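Structure first, then comments.
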Amino acid sequence: MKNLNRYMVLLGGRPAIHKLGNIGREEDDFIRVFEEDEEYYIGNFVQGFGFIDVKFKKRDCRSLTKEEVDHLNGRWHGINNHPYYQIWVDYEGNVINKSK
């Protein structure tokens with residue numbers, strides 16, 4: 001297993017394997033990847049119910065586009081409509097610390 005901290009996109013209609021079954025989405029959606037093995041990226045959807053340790057087949061994922069990176073950078077993520085943290089990623093999708 002290799003540790004990561006990267007944003008990617010799961011292609012719409014592709015499986016997202018969780019203990020509860022397939023929780024994939026119909027549309028392309030952002031995922032955050034924390035680990036990988038030979039076949040899967042392992043992480044969670046950026047938005048949703050908080051399912052962790054979801055497996056995404058590598059062939060079903062893609063890197064972020066420049067436009068997606070620009071859209072994500074500086075966005076606030078929250079819980080129950082309360083700002084929690086601000087996200088910054090480089091153009092490969094890796095989460096970076098950005099000084100304020």
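Chain identifiers are assigned as A, B, and so on, following the order in which chains appear in the structure tokens; residues are numbered from 1 within each chain, and ligands are numbered from 1 in order of appearance.
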Excluding Val54 (chain A) and its own-chain neighbours fewer than 5 positions away, which residues fall within 6 Å of it when counting only C-alpha atoms? Please give them as a list in words.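 Using only C-alpha atoms, the neighbours found are Ile17, His18, Ile42, Gly43 and Asn44 of chain A.
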Fewer than 2 positions away in the same chain doesn't count, so skip those; otherwise give me all residues within 7 Å of region 29-34 of chain A, counting only C-alpha atoms, as JSON, numbers by chain. {"A": [3, 4, 5, 6, 7, 8, 9, 10, 11, 12, 27, 41, 42, 43, 44, 45, 46]}
Can I get the selection written as a tab-separated table (two decimals), in the first residue's frame, with all heavy atoms?
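Saved result, again_19.tsv, follows:
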```
chain	number	residue	atom	x	y	z
A	3	ASN	N	0.72	5.42	0.58
A	3	ASN	CA	-0.08	6.51	1.15
A	3	ASN	C	-0.09	7.71	0.22
A	3	ASN	O	0.93	8.06	-0.36
A	3	ASN	CB	0.46	6.92	2.52
A	3	ASN	CG	0.24	5.86	3.55
A	3	ASN	OD1	-0.74	5.12	3.51
A	3	ASN	ND2	1.15	5.77	4.51
A	4	LEU	N	-1.26	8.32	0.10
A	4	LEU	CA	-1.46	9.50	-0.74
A	4	LEU	C	-2.35	10.50	-0.01
A	4	LEU	O	-2.93	10.19	1.02
A	4	LEU	CB	-2.18	9.11	-2.05
A	4	LEU	CG	-1.56	8.02	-2.92
A	4	LEU	CD1	-2.55	7.58	-3.98
A	4	LEU	CD2	-0.31	8.54	-3.58
A	5	ASN	N	-2.51	11.67	-0.56
A	5	ASN	CA	-3.50	12.65	-0.13
A	5	ASN	C	-3.82	13.48	-1.36
A	5	ASN	O	-3.26	14.56	-1.57
A	5	ASN	CB	-2.98	13.51	1.02
A	5	ASN	CG	-4.09	14.31	1.67
A	5	ASN	OD1	-5.25	14.23	1.28
A	5	ASN	ND2	-3.74	15.10	2.65
A	6	ARG	N	-4.69	12.93	-2.19
A	6	ARG	CA	-4.88	13.46	-3.54
A	6	ARG	C	-6.35	13.50	-3.92
A	6	ARG	O	-7.10	12.58	-3.60
A	6	ARG	CB	-4.13	12.55	-4.50
A	6	ARG	CG	-4.14	12.96	-5.92
A	6	ARG	CD	-3.28	12.02	-6.74
A	6	ARG	NE	-3.31	12.41	-8.13
A	6	ARG	CZ	-2.98	11.63	-9.13
A	6	ARG	NH1	-2.56	10.41	-8.90
A	6	ARG	NH2	-3.05	12.06	-10.36
A	7	TYR	N	-6.74	14.55	-4.62
A	7	TYR	CA	-8.08	14.65	-5.19
A	7	TYR	C	-8.05	14.12	-6.61
A	7	TYR	O	-7.10	14.37	-7.36
A	7	TYR	CB	-8.54	16.11	-5.23
A	7	TYR	CG	-9.16	16.59	-3.94
A	7	TYR	CD1	-8.44	16.60	-2.75
A	7	TYR	CD2	-10.47	17.06	-3.92
A	7	TYR	CE1	-9.00	17.05	-1.58
A	7	TYR	CE2	-11.04	17.51	-2.74
A	7	TYR	CZ	-10.30	17.50	-1.58
A	7	TYR	OH	-10.87	17.95	-0.42
A	8	MET	N	-9.09	13.38	-6.98
A	8	MET	CA	-9.24	12.83	-8.32
A	8	MET	C	-10.72	12.86	-8.67
A	8	MET	O	-11.55	13.35	-7.89
A	8	MET	CB	-8.71	11.39	-8.39
A	8	MET	CG	-7.24	11.26	-8.07
A	8	MET	SD	-6.63	9.58	-8.29
A	8	MET	CE	-6.52	9.53	-10.08
A	9	VAL	N	-11.07	12.30	-9.82
A	9	VAL	CA	-12.47	12.21	-10.24
A	9	VAL	C	-12.79	10.74	-10.53
A	9	VAL	O	-12.05	10.07	-11.25
A	9	VAL	CB	-12.73	13.06	-11.50
A	9	VAL	CG1	-14.13	12.83	-12.04
A	9	VAL	CG2	-12.52	14.54	-11.19
A	10	LEU	N	-13.89	10.26	-9.94
A	10	LEU	CA	-14.43	8.96	-10.30
A	10	LEU	C	-15.40	9.19	-11.44
A	10	LEU	O	-16.29	10.04	-11.35
A	10	LEU	CB	-15.17	8.31	-9.13
A	10	LEU	CG	-15.86	6.98	-9.45
A	10	LEU	CD1	-14.84	5.89	-9.77
A	10	LEU	CD2	-16.76	6.55	-8.31
A	11	LEU	N	-15.23	8.46	-12.52
A	11	LEU	CA	-16.10	8.62	-13.68
A	11	LEU	C	-17.52	8.17	-13.36
A	11	LEU	O	-17.72	7.17	-12.65
A	11	LEU	CB	-15.54	7.82	-14.86
A	11	LEU	CG	-14.12	8.22	-15.29
A	11	LEU	CD1	-13.63	7.25	-16.36
A	11	LEU	CD2	-14.09	9.65	-15.77
A	12	GLY	N	-18.49	8.90	-13.87
A	12	GLY	CA	-19.89	8.59	-13.62
A	12	GLY	C	-20.28	7.19	-14.08
A	12	GLY	O	-19.80	6.70	-15.11
A	27	GLU	N	-22.99	10.59	-12.04
A	27	GLU	CA	-22.18	11.64	-12.68
A	27	GLU	C	-20.74	11.56	-12.17
A	27	GLU	O	-20.48	11.03	-11.10
A	27	GLU	CB	-22.75	13.03	-12.32
A	27	GLU	CG	-24.21	13.22	-12.67
A	27	GLU	CD	-24.44	13.32	-14.16
A	27	GLU	OE1	-23.55	13.86	-14.85
A	27	GLU	OE2	-25.49	12.86	-14.63
A	41	TYR	N	-7.64	2.65	-5.95
A	41	TYR	CA	-7.42	3.81	-5.09
A	41	TYR	C	-8.40	3.63	-3.93
A	41	TYR	O	-9.52	3.15	-4.12
A	41	TYR	CB	-7.74	5.11	-5.81
A	41	TYR	CG	-6.76	5.47	-6.90
A	41	TYR	CD1	-7.18	5.55	-8.22
A	41	TYR	CD2	-5.42	5.74	-6.60
A	41	TYR	CE1	-6.29	5.89	-9.23
A	41	TYR	CE2	-4.52	6.07	-7.61
A	41	TYR	CZ	-4.96	6.15	-8.92
A	41	TYR	OH	-4.08	6.48	-9.91
A	42	ILE	N	-8.01	4.03	-2.74
A	42	ILE	CA	-8.85	3.85	-1.55
A	42	ILE	C	-9.00	5.21	-0.87
A	42	ILE	O	-8.01	5.90	-0.60
A	42	ILE	CB	-8.22	2.83	-0.59
A	42	ILE	CG1	-8.03	1.50	-1.33
A	42	ILE	CG2	-9.09	2.66	0.66
A	42	ILE	CD1	-7.06	0.56	-0.70
A	43	GLY	N	-10.25	5.61	-0.63
A	43	GLY	CA	-10.50	6.91	-0.03
A	43	GLY	C	-11.98	7.13	0.20
A	43	GLY	O	-12.68	6.24	0.65
A	44	ASN	N	-12.45	8.32	-0.17
A	44	ASN	CA	-13.86	8.65	0.03
A	44	ASN	C	-14.29	9.71	-0.98
A	44	ASN	O	-13.45	10.34	-1.63
A	44	ASN	CB	-14.11	9.16	1.46
A	44	ASN	CG	-13.22	10.30	1.86
A	44	ASN	OD1	-12.13	10.07	2.38
A	44	ASN	ND2	-13.65	11.52	1.63
A	45	PHE	N	-15.60	9.89	-1.11
A	45	PHE	CA	-16.12	10.98	-1.91
A	45	PHE	C	-15.90	12.28	-1.15
A	45	PHE	O	-15.99	12.32	0.07
A	45	PHE	CB	-17.62	10.79	-2.18
A	45	PHE	CG	-17.92	9.75	-3.22
A	45	PHE	CD1	-18.32	8.48	-2.85
A	45	PHE	CD2	-17.78	10.03	-4.57
A	45	PHE	CE1	-18.59	7.51	-3.80
A	45	PHE	CE2	-18.05	9.07	-5.53
A	45	PHE	CZ	-18.46	7.81	-5.14
A	46	VAL	N	-15.63	13.36	-1.86
A	46	VAL	CA	-15.42	14.65	-1.22
A	46	VAL	C	-16.69	15.11	-0.52
A	46	VAL	O	-16.65	15.63	0.58
A	46	VAL	CB	-14.93	15.70	-2.24
A	46	VAL	CG1	-14.89	17.09	-1.64
A	46	VAL	CG2	-13.55	15.29	-2.78
```
If you run DSSP on this backbone, which residues of chain A come out as helix (DSSP H, G or I), and could you give them as number ranges by chain? A: 58-60, 66-72
Selected residues written out, N, CA and C atoms, as a compact mmCIF listing (two decimals), in the first residue's frame:
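Ended up saving to again-v4.txt:
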```txt
# COMPACT_ATOMS: atom_id res chain seq x y z
N LYS A 58 -8.71 1.80 -10.39
CA LYS A 58 -7.85 2.82 -10.98
C LYS A 58 -8.30 3.19 -12.40
N ARG A 59 -8.74 2.22 -13.15
CA ARG A 59 -9.14 2.50 -14.53
C ARG A 59 -10.42 3.34 -14.61
N ASP A 60 -11.16 3.45 -13.49
CA ASP A 60 -12.40 4.22 -13.43
C ASP A 60 -12.19 5.64 -12.92
N LYS A 66 -7.21 21.22 -15.26
CA LYS A 66 -6.78 22.53 -14.75
C LYS A 66 -7.99 23.32 -14.26
N GLU A 67 -9.09 23.26 -14.99
CA GLU A 67 -10.30 23.98 -14.61
C GLU A 67 -10.86 23.47 -13.28
N GLU A 68 -10.81 22.15 -13.07
CA GLU A 68 -11.29 21.58 -11.81
C GLU A 68 -10.41 22.00 -10.64
N VAL A 69 -9.09 22.03 -10.85
CA VAL A 69 -8.18 22.48 -9.80
C VAL A 69 -8.49 23.93 -9.45
N ASP A 70 -8.65 24.78 -10.46
CA ASP A 70 -8.96 26.19 -10.23
C ASP A 70 -10.30 26.34 -9.50
N HIS A 71 -11.25 25.48 -9.82
CA HIS A 71 -12.57 25.52 -9.16
C HIS A 71 -12.46 25.09 -7.69
N LEU A 72 -11.64 24.09 -7.40
CA LEU A 72 -11.51 23.57 -6.04
C LEU A 72 -10.71 24.49 -5.12
```
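Going from CA of Glu26 (chain A) to CA of Tyr85 (chain A) covers 26.9 Å.
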Can you work out the spacing between CA of Trp76 (chain A) and CA of Asn94 (chain A) in Å, to one decimal? 16.7 Å
